[in-house]
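Visitor: For reference, the file query_35.cif (mmCIF, C-alpha atoms) is included below:
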data_target
loop_
_atom_site.group_PDB
_atom_site.id
_atom_site.type_symbol
_atom_site.label_atom_id
_atom_site.label_comp_id
_atom_site.auth_asym_id
_atom_site.auth_seq_id
_atom_site.Cartn_x
_atom_site.Cartn_y
_atom_site.Cartn_z
ATOM 1 C CA MET A 1 92.478 -32.066 47.294
ATOM 2 C CA LYS A 2 91.209 -29.231 49.514
ATOM 3 C CA ASN A 3 92.432 -26.677 46.994
ATOM 4 C CA MET A 4 90.619 -28.478 44.199
ATOM 5 C CA ILE A 5 87.380 -28.485 46.173
ATOM 6 C CA LYS A 6 87.872 -24.818 47.043
ATOM 7 C CA ASP A 7 88.524 -23.892 43.402
ATOM 8 C CA ALA A 8 85.501 -25.862 42.271
ATOM 9 C CA ALA A 9 83.325 -24.132 44.863
ATOM 10 C CA ILE A 10 84.562 -20.705 43.768
ATOM 11 C CA LEU A 11 83.955 -21.534 40.117
ATOM 12 C CA PHE A 12 80.462 -22.788 40.926
ATOM 13 C CA ALA A 13 79.688 -19.618 42.889
ATOM 14 C CA ILE A 14 80.923 -17.407 40.038
ATOM 15 C CA THR A 15 78.846 -19.350 37.520
ATOM 16 C CA LEU A 16 75.784 -19.154 39.742
ATOM 17 C CA ILE A 17 76.151 -15.409 40.265
ATOM 18 C CA ALA A 18 76.780 -14.790 36.550
ATOM 19 C CA GLY A 19 73.699 -16.804 35.667
ATOM 20 C CA PHE A 20 71.616 -14.842 38.157
ATOM 21 C CA VAL A 21 72.877 -11.514 36.794
ATOM 22 C CA LEU A 22 72.204 -12.523 33.178
ATOM 23 C CA GLY A 23 68.744 -13.742 34.083
ATOM 24 C CA PHE A 24 68.000 -10.519 35.934
ATOM 25 C CA VAL A 25 69.207 -8.364 33.020
ATOM 26 C CA TYR A 26 67.136 -10.426 30.576
ATOM 27 C CA ASN A 27 63.970 -10.018 32.640
ATOM 28 C CA VAL A 28 64.557 -6.279 33.034
ATOM 29 C CA THR A 29 65.178 -5.665 29.315
ATOM 30 C CA LYS A 30 62.764 -8.211 27.822
ATOM 31 C CA GLU A 31 59.648 -6.056 28.082
ATOM 32 C CA PRO A 32 61.217 -2.801 26.758
ATOM 33 C CA ILE A 33 62.717 -4.698 23.822
ATOM 34 C CA ALA A 34 59.374 -6.319 23.013
ATOM 35 C CA GLN A 35 57.639 -2.936 23.204
ATOM 36 C CA ALA A 36 60.235 -1.349 20.905
ATOM 37 C CA GLU A 37 59.855 -4.187 18.378
ATOM 38 C CA GLU A 38 56.061 -3.874 18.453
ATOM 39 C CA LYS A 39 56.284 -0.105 17.959
ATOM 40 C CA ALA A 40 58.664 -0.541 14.993
ATOM 41 C CA ALA A 41 56.348 -3.124 13.452
ATOM 42 C CA LYS A 42 53.277 -0.884 13.757
ATOM 43 C CA GLU A 43 55.184 2.016 12.203
ATOM 44 C CA ALA A 44 56.221 -0.275 9.343
ATOM 45 C CA TYR A 45 52.596 -1.358 8.761
ATOM 46 C CA ALA A 46 51.514 2.279 8.612
ATOM 47 C CA GLU A 47 54.352 3.118 6.216
ATOM 48 C CA VAL A 48 53.304 0.510 3.655
ATOM 49 C CA PHE A 49 49.562 1.107 4.118
ATOM 50 C CA GLN A 50 48.985 4.773 4.962
ATOM 51 C CA ASP A 51 45.241 4.611 4.227
ATOM 52 C CA ALA A 52 44.579 1.825 6.723
ATOM 53 C CA SER A 53 42.910 2.494 10.065
ATOM 54 C CA ASP A 54 43.673 -0.933 11.502
ATOM 55 C CA PHE A 55 45.380 -4.239 10.771
ATOM 56 C CA ASN A 56 43.801 -7.625 11.485
ATOM 57 C CA GLU A 57 46.215 -10.520 11.913
ATOM 58 C CA LEU A 58 45.628 -13.609 9.784
ATOM 59 C CA ALA A 59 46.749 -17.200 10.263
ATOM 60 C CA ILE A 60 49.919 -18.175 8.396
ATOM 61 C CA GLU A 61 49.614 -21.109 6.021
ATOM 62 C CA GLU A 62 51.495 -24.052 7.526
ATOM 63 C CA ASP A 63 50.099 -26.912 5.455
ATOM 64 C CA SER A 64 52.904 -29.259 4.411
ATOM 65 C CA ALA A 65 51.636 -29.451 0.835
ATOM 66 C CA TYR A 66 51.722 -25.665 0.520
ATOM 67 C CA ILE A 67 55.166 -25.485 2.100
ATOM 68 C CA SER A 68 56.422 -27.929 -0.543
ATOM 69 C CA GLU A 69 54.781 -25.817 -3.252
ATOM 70 C CA TRP A 70 56.366 -22.710 -1.711
ATOM 71 C CA GLU A 71 59.835 -24.239 -1.803
ATOM 72 C CA GLU A 72 59.379 -25.558 -5.348
ATOM 73 C CA ALA A 73 58.441 -22.024 -6.416
ATOM 74 C CA GLY A 74 61.908 -20.898 -5.319
ATOM 75 C CA PHE A 75 61.209 -19.447 -1.866
ATOM 76 C CA SER A 76 62.977 -21.938 0.418
ATOM 77 C CA ASP A 77 65.091 -19.074 1.823
ATOM 78 C CA VAL A 78 62.059 -16.896 2.545
ATOM 79 C CA ASP A 79 59.739 -17.010 5.573
ATOM 80 C CA VAL A 80 56.317 -15.394 5.901
ATOM 81 C CA ASP A 81 56.486 -14.295 9.543
ATOM 82 C CA LYS A 82 53.150 -12.512 9.759
ATOM 83 C CA ALA A 83 50.142 -11.688 7.587
ATOM 84 C CA LEU A 84 47.604 -8.953 8.267
ATOM 85 C CA GLU A 85 44.627 -7.511 6.446
ATOM 86 C CA ALA A 86 44.655 -3.727 6.207
ATOM 87 C CA VAL A 87 41.184 -2.227 6.765
ATOM 88 C CA ASP A 88 39.681 1.243 6.662
ATOM 89 C CA SER A 89 37.644 2.920 9.432
ATOM 90 C CA ASP A 90 34.509 1.020 8.313
ATOM 91 C CA GLY A 91 36.287 -2.334 8.410
ATOM 92 C CA ASN A 92 36.536 -2.672 4.640
ATOM 93 C CA GLY A 93 39.560 -4.588 3.409
ATOM 94 C CA LEU A 94 42.116 -2.489 1.548
ATOM 95 C CA GLY A 95 44.800 -5.107 1.028
ATOM 96 C CA TYR A 96 47.426 -6.981 2.973
ATOM 97 C CA VAL A 97 50.618 -6.460 4.915
ATOM 98 C CA LEU A 98 53.153 -9.269 5.104
ATOM 99 C CA THR A 99 56.246 -9.464 7.271
ATOM 100 C CA LEU A 100 58.889 -11.482 5.453
ATOM 101 C CA THR A 101 62.420 -12.642 6.209
ATOM 102 C CA SER A 102 65.039 -13.538 3.635
ATOM 103 C CA HIS A 103 67.789 -15.867 4.828
ATOM 104 C CA ALA A 104 69.820 -15.302 1.669
ATOM 105 C CA GLY A 105 71.376 -11.929 2.487
ATOM 106 C CA TYR A 106 75.130 -11.555 2.197
ATOM 107 C CA GLY A 107 75.540 -10.528 5.827
ATOM 108 C CA GLY A 108 72.561 -12.316 7.372
ATOM 109 C CA ASP A 109 68.780 -12.129 7.474
ATOM 110 C CA ILE A 110 66.756 -9.304 5.972
ATOM 111 C CA THR A 111 63.341 -8.707 7.559
ATOM 112 C CA PHE A 112 60.804 -6.271 6.145
ATOM 113 C CA THR A 113 57.118 -5.558 5.722
ATOM 114 C CA LEU A 114 55.418 -5.552 2.332
ATOM 115 C CA GLY A 115 52.142 -3.772 1.587
ATOM 116 C CA ILE A 116 49.964 -5.012 -1.279
ATOM 117 C CA ALA A 117 46.661 -3.391 -2.259
ATOM 118 C CA ASN A 118 43.679 -5.527 -3.241
ATOM 119 C CA ASP A 119 44.324 -4.847 -6.925
ATOM 120 C CA GLY A 120 47.863 -6.236 -6.610
ATOM 121 C CA THR A 121 49.687 -2.901 -6.498
ATOM 122 C CA VAL A 122 52.787 -2.996 -4.301
ATOM 123 C CA ASN A 123 52.409 -0.052 -1.922
ATOM 124 C CA GLY A 124 56.002 -0.428 -0.821
ATOM 125 C CA ILE A 125 58.292 -2.111 1.664
ATOM 126 C CA SER A 126 59.635 -1.081 5.060
ATOM 127 C CA ILE A 127 62.882 -2.696 6.178
ATOM 128 C CA LEU A 128 62.842 -3.777 9.820
ATOM 129 C CA SER A 129 66.319 -5.282 10.072
ATOM 130 C CA ILE A 130 69.248 -5.806 7.723
ATOM 131 C CA SER A 131 72.841 -6.821 8.387
ATOM 132 C CA GLU A 132 74.542 -6.293 5.078
ATOM 133 C CA THR A 133 77.925 -4.774 4.249
ATOM 134 C CA ALA A 134 77.984 -1.092 5.183
ATOM 135 C CA GLY A 135 78.106 1.130 2.125
ATOM 136 C CA LEU A 136 76.859 -1.612 -0.207
ATOM 137 C CA GLY A 137 74.115 -3.849 1.151
ATOM 138 C CA MET A 138 72.892 -1.083 3.433
ATOM 139 C CA LYS A 139 72.013 0.876 0.293
ATOM 140 C CA ALA A 140 68.965 -1.369 0.034
ATOM 141 C CA GLU A 141 66.999 1.282 1.922
ATOM 142 C CA ALA A 142 67.906 4.038 -0.523
ATOM 143 C CA VAL A 143 68.352 2.160 -3.808
ATOM 144 C CA LEU A 144 66.074 -0.889 -3.790
ATOM 145 C CA LYS A 145 63.187 0.161 -1.572
ATOM 146 C CA PRO A 146 61.790 2.926 -3.840
ATOM 147 C CA GLN A 147 61.827 0.658 -6.897
ATOM 148 C CA TYR A 148 59.061 -1.666 -5.674
ATOM 149 C CA ALA A 149 56.535 1.014 -4.715
ATOM 150 C CA GLY A 150 53.540 1.620 -6.978
ATOM 151 C CA LYS A 151 54.241 -1.379 -9.226
ATOM 152 C CA LYS A 152 51.499 -3.791 -10.319
ATOM 153 C CA VAL A 153 53.313 -6.955 -11.424
ATOM 154 C CA SER A 154 53.245 -10.648 -10.546
ATOM 155 C CA SER A 155 56.947 -10.721 -9.762
ATOM 156 C CA PHE A 156 60.188 -8.784 -10.108
ATOM 157 C CA THR A 157 63.521 -9.634 -11.672
ATOM 158 C CA VAL A 158 66.901 -8.111 -10.867
ATOM 159 C CA THR A 159 68.956 -6.588 -13.651
ATOM 160 C CA LYS A 160 72.414 -5.054 -13.838
ATOM 161 C CA GLN A 161 71.701 -3.390 -17.180
ATOM 162 C CA GLY A 162 69.200 -0.786 -16.031
ATOM 163 C CA ALA A 163 65.479 -1.386 -15.535
ATOM 164 C CA THR A 164 63.383 -1.023 -18.670
ATOM 165 C CA SER A 165 60.033 -2.228 -17.289
ATOM 166 C CA ASP A 166 58.009 -2.131 -14.085
ATOM 167 C CA SER A 167 58.961 -5.712 -13.311
ATOM 168 C CA GLN A 168 62.706 -5.041 -13.362
ATOM 169 C CA ILE A 169 64.740 -3.919 -10.357
ATOM 170 C CA ASP A 170 68.120 -2.218 -10.751
ATOM 171 C CA ALA A 171 70.658 -4.124 -8.671
ATOM 172 C CA ILE A 172 72.809 -2.272 -6.174
ATOM 173 C CA SER A 173 76.245 -1.940 -7.757
ATOM 174 C CA GLY A 174 78.560 -4.410 -6.033
ATOM 175 C CA ALA A 175 75.759 -5.947 -3.944
ATOM 176 C CA THR A 176 73.929 -8.324 -6.258
ATOM 177 C CA ILE A 177 73.408 -10.881 -3.490
ATOM 178 C CA THR A 178 71.526 -8.355 -1.389
ATOM 179 C CA SER A 179 69.500 -7.210 -4.403
ATOM 180 C CA ASN A 180 68.523 -10.777 -5.266
ATOM 181 C CA ALA A 181 67.755 -11.716 -1.651
ATOM 182 C CA LEU A 182 65.405 -8.800 -1.083
ATOM 183 C CA THR A 183 63.718 -9.110 -4.475
ATOM 184 C CA THR A 184 63.173 -12.856 -4.079
ATOM 185 C CA ALA A 185 61.548 -12.212 -0.700
ATOM 186 C CA VAL A 186 59.289 -9.540 -2.242
ATOM 187 C CA ASN A 187 58.353 -12.064 -4.923
ATOM 188 C CA GLY A 188 57.598 -14.551 -2.169
ATOM 189 C CA GLY A 189 55.197 -12.038 -0.653
ATOM 190 C CA LEU A 190 53.495 -11.530 -4.012
ATOM 191 C CA TYR A 191 53.264 -15.295 -4.497
ATOM 192 C CA TYR A 192 51.655 -15.710 -1.067
ATOM 193 C CA PHE A 193 49.222 -12.897 -1.873
ATOM 194 C CA GLN A 194 48.297 -14.535 -5.178
ATOM 195 C CA THR A 195 48.002 -18.115 -3.925
ATOM 196 C CA LYS A 196 46.672 -17.777 -0.358
ATOM 197 C CA LEU A 197 45.029 -14.375 -0.070
ATOM 198 C CA GLY A 198 43.014 -14.357 -3.292
ATOM 199 C CA GLY A 199 45.247 -11.830 -4.979
ATOM 200 C CA VAL A 200 45.473 -11.189 -8.695
ATOM 201 C CA SER A 201 48.424 -12.040 -10.913
ATOM 202 C CA TYR A 202 49.718 -9.831 -13.735
ATOM 203 C CA GLU A 203 51.886 -10.439 -16.736
ATOM 204 C CA ALA A 204 55.273 -8.749 -16.495
ATOM 205 C CA LYS A 205 55.428 -5.428 -18.312
#
Spell out the structure here as structure tokens.
Guide:
Amino acid sequence: MKNMIKDAAILFAITLIAGFVLGFVYNVTKEPIAQAEEKAAKEAYAEVFQDASDFNELAIEEDSAYISEWEEAGFSDVDVDKALEAVDSDGNGLGYVLTLTSHAGYGGDITFTLGIANDGTVNGISILSISETAGLGMKAEAVLKPQYAGKKVSSFTVTKQGATSDSQIDAISGATITSNALTTAVNGGLYYFQTKLGGVSYEAK
């Protein structure tokens, strides 16, 4: 009995110390991590909206009716994490920056920022985090990212046959899931722009 009590006391002490150490490490690293994430986000905003002098955060639509509409439109695996208006030095609106997360990636979530000018032109995307298969899904940065920039369309479609219009995106060879996940999330951003931010919609070309 004494040994059992002794063992239990030792186990409790180890657990208590481990918990203290983990808590201490978390508190020490929490602020630097938050600062690094904020810095990365600001750099991503600037990348997709180089002409902007500042970014004003907007409220995210959380109305249940709109959420249902959002899901019915095919974006149940996409979250709008943040919305900002990009403004120039005089405070004039230039367009919008959205931070989006796709939960449909092959290896996990894909989070990125999307810049859209007032006229509906996609300025580009900046990938914040991606956990896809090395050598395939990770090619999203090099292969997919450039294809969205400068396009003025209502939505994109993924093709394996080679893009023949502005609205088509060439899939990464061997990584169709990643291609579809990222493109669907971009389309979600365009849909949000068109339905909640007063954006224009264009016929596919």
Visitor: Quick one: pull the distance between atom CA of A:Glu141 and atom CA of A:Phe55, Å, one decimal.
Guide: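 That distance, rounded to one decimal, is 24.0 Å.
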Visitor: Using the chain letters and numbering of this document, enumerate as an mmCIF file with C-alpha atoms, in the coordinates of the input the residues selected by the PyMOL selection byres ((chain A and resi 174) around 10).
Guide:
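File written: part.cif
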data_model
loop_
_atom_site.group_PDB
_atom_site.id
_atom_site.type_symbol
_atom_site.label_atom_id
_atom_site.label_comp_id
_atom_site.auth_asym_id
_atom_site.auth_seq_id
_atom_site.Cartn_x
_atom_site.Cartn_y
_atom_site.Cartn_z
ATOM 1 C CA GLY A 135 78.106 1.130 2.125
ATOM 2 C CA LEU A 136 76.859 -1.612 -0.207
ATOM 3 C CA GLY A 137 74.115 -3.849 1.151
ATOM 4 C CA LYS A 160 72.414 -5.054 -13.838
ATOM 5 C CA ALA A 171 70.658 -4.124 -8.671
ATOM 6 C CA ILE A 172 72.809 -2.272 -6.174
ATOM 7 C CA SER A 173 76.245 -1.940 -7.757
ATOM 8 C CA ALA A 175 75.759 -5.947 -3.944
ATOM 9 C CA THR A 176 73.929 -8.324 -6.258
ATOM 10 C CA ILE A 177 73.408 -10.881 -3.490
ATOM 11 C CA THR A 178 71.526 -8.355 -1.389
ATOM 12 C CA SER A 179 69.500 -7.210 -4.403
#
Visitor: Determine, using all atoms listed in the file, which residues of stretch 64-136 of chain A have any atom at most 7 Å from an atom of stretch 149-156 of chain A, and tabulate each with its shortest atom pair and distance in Å to one decimal place, rows ordered by chain and then rising number, as CSV.
Guide:
residue,atom,partner,partner_atom,distance
A:Gly120,CA,A:Lys152,CA,5.7
A:Thr121,CA,A:Lys152,CA,4.3
A:Val122,CA,A:Lys151,CA,5.4
A:Asn123,CA,A:Ala149,CA,5.1
A:Gly124,CA,A:Ala149,CA,4.2
Visitor: Can you pull out every residue within 7 Å of stretch 37-51 of chain A, counting only C-alpha atoms, but drop anything in the same chain fewer than 4 positions away, and send it as a compact mmCIF listing (two decimals) with C-alpha atoms, in the frame of the given file?
Guide:
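The resulting file, selection_30.txt, is reproduced below:
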# COMPACT_ATOMS: atom_id res chain seq x y z
CA ILE A 33 62.72 -4.70 23.82
CA ASP A 88 39.68 1.24 6.66
CA VAL A 97 50.62 -6.46 4.92
CA THR A 113 57.12 -5.56 5.72
CA LEU A 114 55.42 -5.55 2.33
CA GLY A 115 52.14 -3.77 1.59
CA ASN A 123 52.41 -0.05 -1.92
CA GLY A 124 56.00 -0.43 -0.82
CA ILE A 125 58.29 -2.11 1.66
CA SER A 126 59.64 -1.08 5.06
Visitor: What does the distance from atom CA of A:Leu84 to atom CA of A:Tyr148 come to in Å, to one decimal?
Guide: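 Separation between atom CA of A:Leu84 and atom CA of A:Tyr148: 19.5 Å.
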Visitor: For a test of reading the model, state the distance in Å between atom CA of A:Ser76 and atom CA of A:Thr99, rounded to one decimal.
Guide: 15.7 Å
Visitor: Hey, which of A:Asp54, A:Gly105, A:Tyr96, A:Trp70 ends up closest to A:Ala117? Count all atoms listed in the file.
Guide: A:Tyr96
Visitor: Around stretch 106-115 of chain A, with edges along x, y and z and 4 Å added on all six sides, what centre and edge lengths do you get, in Å to one decimal, as AutoDock Vina command-line options?
Guide:
--center_x 63.8 --center_y -8.0 --center_z 4.6 --size_x 31.4 --size_y 16.5 --size_z 14.0
Visitor: Choose the residue, out of A:Glu71, A:Thr183, A:Ser131, A:Leu11, that has the smallest atom-to-atom separation from A:Ser167; count all atoms listed in the file.
Guide: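 Result for the nearest residue to A:Ser167: A:Thr183.
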Visitor: Between A:Val186, A:Leu128, A:Leu58, A:Ala134, single out the one closest to A:Asp79, counting only C-alpha atoms.
Guide: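 Checking each candidate against A:Asp79, we get A:Val186 as the closest.
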Visitor: For A:Ala185, find every residue with an atom within 8 Å (counting only C-alpha atoms), except residues of its own chain fewer than 3 positions away, and show them as an NGL selection string.
Guide: :A and (75 or 78 or 100-102 or 181-182 or 188-189)
Visitor: Identify which of the residues A:Ile60, A:Ala140, A:Ile169, A:Ile116 lies closest to A:Ala83, counting only C-alpha atoms when measuring atom-to-atom distances.
Guide: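 Under the stated criterion, the closest residue is A:Ile60.
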Visitor: For A:Asp77, which residue out of A:Ile17, A:Met138, A:Val158, A:Ala104 is the nearest one, using all atoms listed in the file?
Guide: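 Closest residue, counting all atoms listed in the file: A:Ala104.
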Visitor: Check which residues satisfy the PyMOL selection byres ((chain A and resi 130) around 7) in the file shown, then give them as a count of residues only.
Guide: 6
Visitor: Could you check which of A:Asp81, A:Thr157, A:His103, A:Gly74 is closest to A:Glu61, using all atoms listed in the file?
Guide: A:Asp81
Visitor: Evaluate the PyMOL selection byres ((chain A and resi 91) around 12) and record the selected residues as a PyMOL selection string, following the chain and residue labels used in the document.
Guide: chain A and resi 52-56+85-90+92-95
Visitor: Just stretch 167-183 of chain A from the block, N, CA and C atoms, as a PDB file, in the first residue's frame, could you?
Guide:
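Contents of decode30.pdb, as written:
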ATOM      1  N   SER A 167     -10.535  31.872 -67.362  1.00  0.00           N
ATOM      2  CA  SER A 167     -11.243  31.261 -66.237  1.00  0.00           C
ATOM      3  C   SER A 167     -10.769  29.835 -65.935  1.00  0.00           C
ATOM      4  N   GLN A 168      -9.860  29.317 -66.747  1.00  0.00           N
ATOM      5  CA  GLN A 168      -9.371  27.960 -66.530  1.00  0.00           C
ATOM      6  C   GLN A 168      -8.003  27.962 -65.852  1.00  0.00           C
ATOM      7  N   ILE A 169      -7.839  27.002 -64.935  1.00  0.00           N
ATOM      8  CA  ILE A 169      -6.591  26.839 -64.199  1.00  0.00           C
ATOM      9  C   ILE A 169      -6.004  25.471 -64.503  1.00  0.00           C
ATOM     10  N   ASP A 170      -4.763  25.440 -64.955  1.00  0.00           N
ATOM     11  CA  ASP A 170      -4.085  24.162 -65.214  1.00  0.00           C
ATOM     12  C   ASP A 170      -3.805  23.453 -63.896  1.00  0.00           C
ATOM     13  N   ALA A 171      -4.308  22.236 -63.764  1.00  0.00           N
ATOM     14  CA  ALA A 171      -4.077  21.469 -62.541  1.00  0.00           C
ATOM     15  C   ALA A 171      -2.607  21.068 -62.433  1.00  0.00           C
ATOM     16  N   ILE A 172      -2.147  20.934 -61.195  1.00  0.00           N
ATOM     17  CA  ILE A 172      -0.812  20.400 -60.963  1.00  0.00           C
ATOM     18  C   ILE A 172      -0.850  18.918 -61.320  1.00  0.00           C
ATOM     19  N   SER A 173       0.063  18.470 -62.145  1.00  0.00           N
ATOM     20  CA  SER A 173       0.096  17.064 -62.534  1.00  0.00           C
ATOM     21  C   SER A 173       0.271  16.185 -61.302  1.00  0.00           C
ATOM     22  N   GLY A 174      -0.661  15.265 -61.090  1.00  0.00           N
ATOM     23  CA  GLY A 174      -0.590  14.348 -59.968  1.00  0.00           C
ATOM     24  C   GLY A 174      -1.098  14.921 -58.656  1.00  0.00           C
ATOM     25  N   ALA A 175      -1.629  16.146 -58.692  1.00  0.00           N
ATOM     26  CA  ALA A 175      -2.130  16.776 -57.456  1.00  0.00           C
ATOM     27  C   ALA A 175      -3.430  17.516 -57.738  1.00  0.00           C
ATOM     28  N   THR A 176      -4.379  16.794 -58.308  1.00  0.00           N
ATOM     29  CA  THR A 176      -5.668  17.401 -58.657  1.00  0.00           C
ATOM     30  C   THR A 176      -6.430  17.853 -57.425  1.00  0.00           C
ATOM     31  N   ILE A 177      -6.319  17.100 -56.331  1.00  0.00           N
ATOM     32  CA  ILE A 177      -7.039  17.462 -55.110  1.00  0.00           C
ATOM     33  C   ILE A 177      -6.589  18.830 -54.620  1.00  0.00           C
ATOM     34  N   THR A 178      -5.289  19.041 -54.596  1.00  0.00           N
ATOM     35  CA  THR A 178      -4.750  20.331 -54.178  1.00  0.00           C
ATOM     36  C   THR A 178      -5.211  21.437 -55.112  1.00  0.00           C
ATOM     37  N   SER A 179      -5.162  21.181 -56.412  1.00  0.00           N
ATOM     38  CA  SER A 179      -5.578  22.169 -57.410  1.00  0.00           C
ATOM     39  C   SER A 179      -7.033  22.557 -57.217  1.00  0.00           C
ATOM     40  N   ASN A 180      -7.883  21.552 -57.006  1.00  0.00           N
ATOM     41  CA  ASN A 180      -9.311  21.819 -56.806  1.00  0.00           C
ATOM     42  C   ASN A 180      -9.573  22.544 -55.488  1.00  0.00           C
ATOM     43  N   ALA A 181      -8.857  22.144 -54.435  1.00  0.00           N
ATOM     44  CA  ALA A 181      -9.063  22.750 -53.116  1.00  0.00           C
ATOM     45  C   ALA A 181      -8.729  24.242 -53.149  1.00  0.00           C
ATOM     46  N   LEU A 182      -7.586  24.570 -53.711  1.00  0.00           N
ATOM     47  CA  LEU A 182      -7.164  25.965 -53.750  1.00  0.00           C
ATOM     48  C   LEU A 182      -8.074  26.790 -54.655  1.00  0.00           C
ATOM     49  N   THR A 183      -8.417  26.238 -55.806  1.00  0.00           N
ATOM     50  CA  THR A 183      -9.266  26.967 -56.755  1.00  0.00           C
ATOM     51  C   THR A 183     -10.669  27.171 -56.199  1.00  0.00           C
TER      52      THR A 183
END
